[in-house]
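J.: Structure file entry-v1.pdb (PDB, C-alpha atoms, pLDDT in the B column) is given on the next line.
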ATOM      1  CA  MET A   1      -1.081 -32.516 -53.391  1.00 58.00           C
ATOM      2  CA  SER A   2      -2.566 -33.164 -49.931  1.00 67.00           C
ATOM      3  CA  ARG A   3      -5.545 -31.329 -48.464  1.00 66.00           C
ATOM      4  CA  TRP A   4      -3.224 -29.307 -46.203  1.00 65.00           C
ATOM      5  CA  GLY A   5      -1.047 -28.323 -49.159  1.00 62.00           C
ATOM      6  CA  VAL A   6      -4.106 -27.108 -51.068  1.00 60.00           C
ATOM      7  CA  ALA A   7      -5.340 -25.171 -48.015  1.00 56.00           C
ATOM      8  CA  VAL A   8      -1.949 -23.470 -47.523  1.00 55.00           C
ATOM      9  CA  ALA A   9      -1.627 -22.606 -51.233  1.00 59.00           C
ATOM     10  CA  LEU A  10      -5.174 -21.205 -51.268  1.00 52.00           C
ATOM     11  CA  ALA A  11      -4.545 -19.133 -48.106  1.00 52.00           C
ATOM     12  CA  GLN A  12      -1.351 -17.661 -49.604  1.00 53.00           C
ATOM     13  CA  ALA A  13      -3.114 -16.834 -52.864  1.00 49.00           C
ATOM     14  CA  LEU A  14      -5.948 -15.041 -51.043  1.00 48.00           C
ATOM     15  CA  LEU A  15      -3.707 -12.924 -48.752  1.00 48.00           C
ATOM     16  CA  PRO A  16      -3.419  -9.331 -49.955  1.00 45.00           C
ATOM     17  CA  ALA A  17       0.031  -8.510 -51.321  1.00 42.00           C
ATOM     18  CA  GLY A  18       0.210  -5.192 -49.457  1.00 42.00           C
ATOM     19  CA  VAL A  19      -0.047  -6.674 -45.953  1.00 43.00           C
ATOM     20  CA  ALA A  20       2.877  -5.510 -43.793  1.00 51.00           C
ATOM     21  CA  ALA A  21       4.897  -8.074 -41.897  1.00 54.00           C
ATOM     22  CA  GLN A  22       4.174  -8.331 -38.213  1.00 57.00           C
ATOM     23  CA  LEU A  23       6.781  -6.966 -35.833  1.00 70.00           C
ATOM     24  CA  GLY A  24       8.168  -7.998 -32.520  1.00 81.00           C
ATOM     25  CA  GLU A  25       8.931  -4.888 -30.472  1.00 86.00           C
ATOM     26  CA  ALA A  26      10.889  -4.285 -27.310  1.00 91.00           C
ATOM     27  CA  GLN A  27       9.531  -1.287 -25.397  1.00 92.00           C
ATOM     28  CA  TYR A  28      11.438   0.760 -22.804  1.00 96.00           C
ATOM     29  CA  GLY A  29       9.999   3.817 -21.135  1.00 96.00           C
ATOM     30  CA  VAL A  30       8.500   5.734 -18.259  1.00 97.00           C
ATOM     31  CA  ILE A  31       5.050   5.832 -16.712  1.00 97.00           C
ATOM     32  CA  GLY A  32       3.117   8.593 -14.973  1.00 97.00           C
ATOM     33  CA  SER A  33       0.089   7.455 -12.998  1.00 95.00           C
ATOM     34  CA  TYR A  34      -2.683   8.750 -10.765  1.00 95.00           C
ATOM     35  CA  GLY A  35      -4.976   6.806  -8.436  1.00 90.00           C
ATOM     36  CA  THR A  36      -7.944   7.952  -6.404  1.00 86.00           C
ATOM     37  CA  SER A  37      -7.172   6.163  -3.133  1.00 83.00           C
ATOM     38  CA  ASN A  38      -5.110   7.818  -0.390  1.00 80.00           C
ATOM     39  CA  ALA A  39      -2.098   5.527  -0.853  1.00 82.00           C
ATOM     40  CA  TRP A  40      -1.858   6.205  -4.602  1.00 86.00           C
ATOM     41  CA  HIS A  41      -2.456   9.736  -5.872  1.00 89.00           C
ATOM     42  CA  GLY A  42       0.375  10.787  -8.244  1.00 92.00           C
ATOM     43  CA  GLY A  43       3.165   8.390  -9.143  1.00 95.00           C
ATOM     44  CA  ALA A  44       5.979   7.692 -11.597  1.00 97.00           C
ATOM     45  CA  GLY A  45       8.020   4.708 -12.616  1.00 97.00           C
ATOM     46  CA  LEU A  46       9.654   2.553 -15.293  1.00 97.00           C
ATOM     47  CA  ILE A  47       8.235   0.170 -17.903  1.00 96.00           C
ATOM     48  CA  VAL A  48       9.835  -2.556 -20.007  1.00 97.00           C
ATOM     49  CA  GLY A  49       7.969  -4.900 -22.325  1.00 94.00           C
ATOM     50  CA  VAL A  50       7.836  -6.950 -25.509  1.00 92.00           C
ATOM     51  CA  GLY A  51       5.086  -6.980 -28.105  1.00 87.00           C
ATOM     52  CA  ALA A  52       5.551 -10.527 -29.457  1.00 83.00           C
ATOM     53  CA  GLY A  53       4.326 -10.571 -33.037  1.00 76.00           C
ATOM     54  CA  ARG A  54       2.333  -7.484 -32.068  1.00 73.00           C
ATOM     55  CA  LEU A  55      -0.321  -9.936 -30.907  1.00 87.00           C
ATOM     56  CA  ILE A  56       0.705 -10.504 -27.284  1.00 92.00           C
ATOM     57  CA  TYR A  57       2.215  -7.975 -24.872  1.00 92.00           C
ATOM     58  CA  VAL A  58       4.375  -9.109 -21.933  1.00 94.00           C
ATOM     59  CA  GLY A  59       6.059  -6.576 -19.680  1.00 95.00           C
ATOM     60  CA  ALA A  60       7.126  -5.457 -16.238  1.00 97.00           C
ATOM     61  CA  ARG A  61       6.502  -2.247 -14.330  1.00 97.00           C
ATOM     62  CA  TRP A  62       7.690  -0.464 -11.211  1.00 97.00           C
ATOM     63  CA  VAL A  63       5.660   2.546 -10.063  1.00 96.00           C
ATOM     64  CA  TYR A  64       6.207   4.636  -6.920  1.00 96.00           C
ATOM     65  CA  TYR A  65       3.092   6.498  -5.732  1.00 94.00           C
ATOM     66  CA  PHE A  66       3.628   9.582  -3.575  1.00 93.00           C
ATOM     67  CA  GLY A  67       0.368   9.063  -1.673  1.00 88.00           C
ATOM     68  CA  SER A  68      -1.267  11.608   0.599  1.00 87.00           C
ATOM     69  CA  SER A  69      -1.319  12.868   4.174  1.00 86.00           C
ATOM     70  CA  ALA A  70      -4.187  13.170   6.632  1.00 85.00           C
ATOM     71  CA  VAL A  71      -4.527  13.903  10.344  1.00 86.00           C
ATOM     72  CA  GLN A  72      -5.659  10.778  12.211  1.00 84.00           C
ATOM     73  CA  THR A  73      -6.637  10.458  15.872  1.00 80.00           C
ATOM     74  CA  ASP A  74      -6.944   7.325  17.979  1.00 79.00           C
ATOM     75  CA  THR A  75      -6.303   6.317  21.616  1.00 75.00           C
ATOM     76  CA  GLY A  76      -2.550   6.832  21.090  1.00 73.00           C
ATOM     77  CA  GLY A  77      -2.932  10.503  20.122  1.00 77.00           C
ATOM     78  CA  THR A  78      -3.158  12.682  17.025  1.00 82.00           C
ATOM     79  CA  PHE A  79      -0.806  12.036  14.101  1.00 85.00           C
ATOM     80  CA  ASP A  80      -0.058  13.378  10.646  1.00 87.00           C
ATOM     81  CA  VAL A  81      -0.267  10.096   8.680  1.00 88.00           C
ATOM     82  CA  ARG A  82       1.290   9.744   5.228  1.00 90.00           C
ATOM     83  CA  ASP A  83       0.292   6.750   3.077  1.00 90.00           C
ATOM     84  CA  ARG A  84       2.333   5.649   0.050  1.00 91.00           C
ATOM     85  CA  ALA A  85       2.457   2.668  -2.323  1.00 92.00           C
ATOM     86  CA  GLN A  86       4.857   0.978  -4.738  1.00 95.00           C
ATOM     87  CA  ILE A  87       3.916  -1.516  -7.442  1.00 95.00           C
ATOM     88  CA  PHE A  88       6.218  -4.303  -8.627  1.00 97.00           C
ATOM     89  CA  ALA A  89       4.322  -6.231 -11.306  1.00 97.00           C
ATOM     90  CA  ALA A  90       4.192  -8.104 -14.607  1.00 97.00           C
ATOM     91  CA  ASP A  91       1.799  -7.237 -17.421  1.00 96.00           C
ATOM     92  CA  VAL A  92       0.237  -9.689 -19.878  1.00 96.00           C
ATOM     93  CA  GLY A  93      -2.190  -8.679 -22.603  1.00 95.00           C
ATOM     94  CA  LEU A  94      -3.578  -9.273 -26.076  1.00 95.00           C
ATOM     95  CA  GLN A  95      -3.034  -6.623 -28.768  1.00 91.00           C
ATOM     96  CA  TYR A  96      -5.787  -5.757 -31.242  1.00 89.00           C
ATOM     97  CA  PRO A  97      -4.897  -3.563 -34.262  1.00 85.00           C
ATOM     98  CA  LEU A  98      -7.314  -0.656 -34.787  1.00 84.00           C
ATOM     99  CA  GLY A  99      -6.041   1.242 -37.813  1.00 81.00           C
ATOM    100  CA  ALA A 100      -2.984   3.276 -36.812  1.00 80.00           C
ATOM    101  CA  THR A 101      -3.446   2.390 -33.128  1.00 88.00           C
ATOM    102  CA  GLU A 102      -3.463  -0.817 -31.116  1.00 89.00           C
ATOM    103  CA  LEU A 103      -5.761  -1.715 -28.252  1.00 93.00           C
ATOM    104  CA  VAL A 104      -4.257  -3.877 -25.488  1.00 94.00           C
ATOM    105  CA  ALA A 105      -6.517  -5.665 -23.006  1.00 96.00           C
ATOM    106  CA  GLY A 106      -4.733  -7.466 -20.222  1.00 96.00           C
ATOM    107  CA  VAL A 107      -3.956  -7.943 -16.582  1.00 97.00           C
ATOM    108  CA  THR A 108      -1.263  -6.716 -14.193  1.00 96.00           C
ATOM    109  CA  ILE A 109      -0.159  -9.257 -11.582  1.00 97.00           C
ATOM    110  CA  GLY A 110       2.341  -8.590  -8.827  1.00 97.00           C
ATOM    111  CA  ALA A 111       2.806  -6.987  -5.446  1.00 97.00           C
ATOM    112  CA  VAL A 112       2.029  -3.638  -3.841  1.00 94.00           C
ATOM    113  CA  ARG A 113       4.091  -2.363  -0.928  1.00 94.00           C
ATOM    114  CA  PHE A 114       1.936  -0.072   1.191  1.00 92.00           C
ATOM    115  CA  ALA A 115       3.817   2.191   3.596  1.00 91.00           C
ATOM    116  CA  GLN A 116       2.460   4.346   6.415  1.00 90.00           C
ATOM    117  CA  HIS A 117       4.456   7.000   8.238  1.00 89.00           C
ATOM    118  CA  ALA A 118       2.851   8.625  11.296  1.00 87.00           C
ATOM    119  CA  GLU A 119       4.338  11.738  12.895  1.00 86.00           C
ATOM    120  CA  PRO A 120       2.929  13.167  16.152  1.00 84.00           C
ATOM    121  CA  VAL A 121       1.072  16.455  15.667  1.00 82.00           C
ATOM    122  CA  SER A 122       1.969  17.800  19.116  1.00 72.00           C
ATOM    123  CA  PRO A 123       4.824  16.899  21.518  1.00 66.00           C
ATOM    124  CA  GLY A 124       4.039  14.121  23.972  1.00 64.00           C
ATOM    125  CA  THR A 125       1.421  12.588  21.685  1.00 61.00           C
ATOM    126  CA  GLY A 126       3.455   9.465  21.007  1.00 65.00           C
ATOM    127  CA  PRO A 127       6.533   8.267  19.141  1.00 69.00           C
ATOM    128  CA  LEU A 128       7.152   8.517  15.403  1.00 72.00           C
ATOM    129  CA  GLN A 129       5.792   5.380  13.712  1.00 80.00           C
ATOM    130  CA  SER A 130       6.476   3.752  10.368  1.00 85.00           C
ATOM    131  CA  SER A 131       5.149   0.473   9.030  1.00 88.00           C
ATOM    132  CA  SER A 132       4.709  -1.280   5.710  1.00 89.00           C
ATOM    133  CA  ARG A 133       2.975  -4.341   4.303  1.00 91.00           C
ATOM    134  CA  VAL A 134       3.250  -6.151   0.983  1.00 94.00           C
ATOM    135  CA  GLU A 135      -0.005  -7.300  -0.617  1.00 94.00           C
ATOM    136  CA  PHE A 136      -0.925  -9.260  -3.751  1.00 95.00           C
ATOM    137  CA  LEU A 137      -2.051  -7.177  -6.749  1.00 95.00           C
ATOM    138  CA  LEU A 138      -4.418  -8.253  -9.509  1.00 96.00           C
ATOM    139  CA  ALA A 139      -5.457  -5.453 -11.853  1.00 95.00           C
ATOM    140  CA  PRO A 140      -7.271  -5.746 -15.187  1.00 97.00           C
ATOM    141  CA  ASN A 141      -6.199  -3.045 -17.623  1.00 96.00           C
ATOM    142  CA  LEU A 142      -7.028  -1.532 -20.978  1.00 97.00           C
ATOM    143  CA  SER A 143      -4.636   0.643 -22.987  1.00 95.00           C
ATOM    144  CA  VAL A 144      -4.282   2.218 -26.431  1.00 95.00           C
ATOM    145  CA  GLN A 145      -0.913   2.450 -28.182  1.00 92.00           C
ATOM    146  CA  LEU A 146      -0.576   5.637 -30.223  1.00 93.00           C
ATOM    147  CA  ARG A 147       2.489   6.055 -32.444  1.00 89.00           C
ATOM    148  CA  VAL A 148       3.996   9.521 -32.241  1.00 89.00           C
ATOM    149  CA  SER A 149       7.279   9.132 -34.085  1.00 85.00           C
ATOM    150  CA  PRO A 150       9.551   7.703 -32.705  1.00 90.00           C
ATOM    151  CA  PHE A 151       7.650   7.088 -29.441  1.00 92.00           C
ATOM    152  CA  LEU A 152       4.537   5.245 -28.348  1.00 91.00           C
ATOM    153  CA  LEU A 153       2.118   7.181 -26.125  1.00 95.00           C
ATOM    154  CA  ILE A 154       0.027   4.691 -24.187  1.00 95.00           C
ATOM    155  CA  PRO A 155      -2.907   5.967 -22.110  1.00 97.00           C
ATOM    156  CA  GLU A 156      -4.088   3.227 -19.777  1.00 97.00           C
ATOM    157  CA  PHE A 157      -6.954   2.472 -17.398  1.00 97.00           C
ATOM    158  CA  VAL A 158      -6.260  -0.022 -14.583  1.00 94.00           C
ATOM    159  CA  TYR A 159      -8.520  -1.139 -11.756  1.00 95.00           C
ATOM    160  CA  SER A 160      -6.508  -2.282  -8.744  1.00 92.00           C
ATOM    161  CA  PHE A 161      -7.678  -5.249  -6.706  1.00 92.00           C
ATOM    162  CA  ALA A 162      -4.904  -5.179  -4.097  1.00 90.00           C
ATOM    163  CA  GLY A 163      -5.031  -7.018  -0.795  1.00 87.00           C
ATOM    164  CA  SER A 164      -5.957  -5.089   2.349  1.00 87.00           C
ATOM    165  CA  PRO A 165      -2.817  -4.108   4.294  1.00 88.00           C
ATOM    166  CA  ASP A 166      -2.901  -4.548   8.079  1.00 86.00           C
ATOM    167  CA  LEU A 167      -1.713  -1.071   9.095  1.00 85.00           C
ATOM    168  CA  ARG A 168      -2.602   1.057  12.118  1.00 83.00           C
ATOM    169  CA  TRP A 169      -4.938   3.294  10.113  1.00 81.00           C
ATOM    170  CA  PRO A 170      -7.023   1.884   7.234  1.00 83.00           C
ATOM    171  CA  VAL A 171      -5.672   2.386   3.717  1.00 84.00           C
ATOM    172  CA  GLN A 172      -7.830   2.440   0.584  1.00 83.00           C
ATOM    173  CA  HIS A 173      -6.300  -0.423  -1.337  1.00 82.00           C
ATOM    174  CA  GLN A 174      -8.603  -0.835  -4.338  1.00 88.00           C
ATOM    175  CA  GLY A 175      -9.672   1.532  -7.053  1.00 90.00           C
ATOM    176  CA  PRO A 176      -8.988   2.979 -10.492  1.00 93.00           C
ATOM    177  CA  LEU A 177      -5.546   4.045 -11.691  1.00 93.00           C
ATOM    178  CA  LEU A 178      -5.072   6.218 -14.793  1.00 95.00           C
ATOM    179  CA  SER A 179      -1.656   6.121 -16.432  1.00 96.00           C
ATOM    180  CA  LEU A 180       0.280   7.468 -19.381  1.00 97.00           C
ATOM    181  CA  ARG A 181       3.246   5.455 -20.610  1.00 96.00           C
ATOM    182  CA  VAL A 182       5.835   7.003 -22.936  1.00 96.00           C
ATOM    183  CA  VAL A 183       7.973   4.287 -24.491  1.00 95.00           C
ATOM    184  CA  LEU A 184      10.608   3.956 -27.167  1.00 94.00           C
ATOM    185  CA  PRO A 185       9.938   0.822 -29.250  1.00 90.00           C
ATOM    186  CA  PHE A 186      12.722  -1.169 -30.917  1.00 88.00           C
ATOM    187  CA  GLU A 187      12.080  -3.786 -33.602  1.00 83.00           C
ATOM    188  CA  VAL A 188      13.475  -7.120 -32.408  1.00 78.00           C
ATOM    189  CA  GLN A 189      12.011  -9.484 -34.981  1.00 64.00           C
ATOM    190  CA  ARG A 190      10.258  -9.430 -38.314  1.00 62.00           C
ATOM    191  CA  ILE A 191       8.090 -12.353 -39.365  1.00 55.00           C
ATOM    192  CA  ARG A 192       8.623 -13.126 -43.061  1.00 56.00           C
ATOM    193  CA  ARG A 193       6.938 -15.489 -45.486  1.00 52.00           C
TER     194      ARG A 193
END
I'd like the structure from this file rewritten - as structure tokens, please.
T.:
Amino acid sequence: MSRWGVAVALAQALLPAGVAAQLGEAQYGVIGSYGTSNAWHGGAGLIVGVGAGRLIYVGARWVYYFGSSAVQTDTGGTFDVRDRAQIFAADVGLQYPLGATELVAGVTIGAVRFAQHAEPVSPGTGPLQSSSRVEFLLAPNLSVQLRVSPFLLIPEFVYSFAGSPDLRWPVQHQGPLLSLRVVLPFEVQRIRR
């Protein structure tokens, strides 16, 4: 028997018999999110992902943030300005089992569409204005997957490093985002010996 054969036989003999097989999971669900900057605030969206071998997570997300309004004044007049944002992104992360839960550390990479809608406060101030810009998004994240039969509840902390949009009034484009994902996992593969 070769050295590799001996090593494999020894590894199989030392593995505990009660170890559960690893799963591949497809995850479909919704996300609720809140960010501190004026373009974020509350938001909601959709999530889809795959936990490959429950070691690596790969997914996609779309989140629409309702933003906030503020009165802004410049040389063109006084406006009620509403800022909003949408995220279109992919998620990649590593899963770490922690008892009945799993910790996922990763990164979200994609695009943010910032939109700004300015409405004159008083007649004659100026015309209604709308503009939008798409910026690159890079956001490290950390989440915990909690199984609550048959769902996964996934609280998540993300820090957004989005590009600065060139809009008439400045928009806060970086900052923390707190999210809660509720997903329904489906087993797509079982790894057997």
J.: Find the residue from A:Gly29, A:Gly163, A:Gly77, A:Gly35 that sits nearest to Phe136 of chain A; use only C-alpha atoms when measuring.
T.: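 Nearest to Phe136 of chain A: A:Gly163.
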J.: Nearest to Ser37 of chain A among A:Asp83, A:Glu25, A:Glu187, A:Glu119, with distances taken over all atoms listed in the file: which residue is it?
T.: A:Asp83
J.: Could you state which residues are captured by the PyMOL selection byres ((chain A and resi 168) around 9) in this file, as an mmCIF file with C-alpha atoms, keeping the file's coordinate frame?
T.:
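Result file result39.cif:
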data_model
loop_
_atom_site.group_PDB
_atom_site.id
_atom_site.type_symbol
_atom_site.label_atom_id
_atom_site.label_comp_id
_atom_site.auth_asym_id
_atom_site.auth_seq_id
_atom_site.Cartn_x
_atom_site.Cartn_y
_atom_site.Cartn_z
ATOM 1 C CA GLN A 116 2.460 4.346 6.415
ATOM 2 C CA SER A 131 5.149 0.473 9.030
ATOM 3 C CA ASP A 166 -2.901 -4.548 8.079
ATOM 4 C CA LEU A 167 -1.713 -1.071 9.095
ATOM 5 C CA TRP A 169 -4.938 3.294 10.113
ATOM 6 C CA PRO A 170 -7.023 1.884 7.234
#
J.: Rounded to one decimal place, report the atom CA of Asn38 of chain A-atom CA of Leu153 of chain A distance in Å.
T.: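 Interatomic distance here is 26.7 Å.
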J.: Name the residues that the PyMOL selection byres ((chain A and resi 73) around 12) picks from the file above, as a count of residues only, using the file's chain letters and numbers.
T.: 20
J.: Which residue, A:Ala162, A:Leu46, A:Ala85, A:Ala52, has the smallest gap to Leu23 of chain A when you use all atoms listed in the file?
T.: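 Nearest candidate to Leu23 of chain A out of A:Ala162, A:Leu46, A:Ala85, A:Ala52: A:Ala52.
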J.: Of the residues A:Ala139, A:Leu146, A:Val158, A:Leu152, which is the one nearest to Gly99 of chain A, using all atoms listed in the file?
T.: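 Among the listed residues, the smallest separation from Gly99 of chain A belongs to A:Leu146.
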J.: Residues at most 10 Å from Val183 of chain A, counting all atoms listed in the file, excluding those fewer than 3 positions away in the same chain, as an MDAnalysis selection string?
T.: chainID A and resid 26:31 46:49 145 147 150:154 180 186
J.: Extract, using all atoms listed in the file, all DNA, RNA and protein residues at most 6 Å from Leu142 of chain A, discarding same-chain residues fewer than 3 positions from it, and format them as a PyMOL selection string.
T.: chain A and resi 104-105+156-157
J.: How many Å lie between atom CA of Tyr64 of chain A and atom CA of Val144 of chain A, rounded to one decimal?
T.: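 Answer for the atom CA of Tyr64 of chain A to atom CA of Val144 of chain A separation: 22.3 Å.
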J.: Which residues match the PyMOL selection byres ((chain A and resi 135) around 9) in the file above, as a VMD selection string?
T.: chain A and resid 110 to 114 133 to 134 136 to 137 162 to 165
J.: Mind pulling up the distance from atom CA of Val107 of chain A to atom CA of Ile87 of chain A?
T.: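 So the two atoms, atom CA of Ile87 of chain A and atom CA of Val107 of chain A, lie 13.7 Å apart.
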J.: I'd like the box whose edges run along x, y and z of the file and which contains every listed atom of segment 35-46 of chain A, padded by 6 Å per side; could you state its centre and edge lengths in Å, one decimal, as AutoDock Vina command-line options?
T.:
--center_x 0.9 --center_y 6.7 --center_z -7.8 --size_x 29.6 --size_y 20.2 --size_z 26.9
J.: Select, from A:Gly24, A:Gly32, A:Pro140, A:Gly106, the residue with the minimum atom-to-atom distance to Ser179 of chain A, counting all atoms listed in the file.
T.: A:Gly32
J.: Here's a test: counting all atoms listed in the file, identify every protein, DNA and RNA residue with an atom at most 12 Å from (-5.1, -9.2, -35.5) in the file's coordinate frame, and state them as a PyMOL selection string.
T.: chain A and resi 19+21-22+53-56+94-99+101-104
J.: Which residue gives the smallest distance to Ala100 of chain A among A:Ala115, A:Gly175, A:Val148, A:Gly67, with all atoms listed in the file counted?
T.: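 Smallest separation from Ala100 of chain A among the options: A:Val148.
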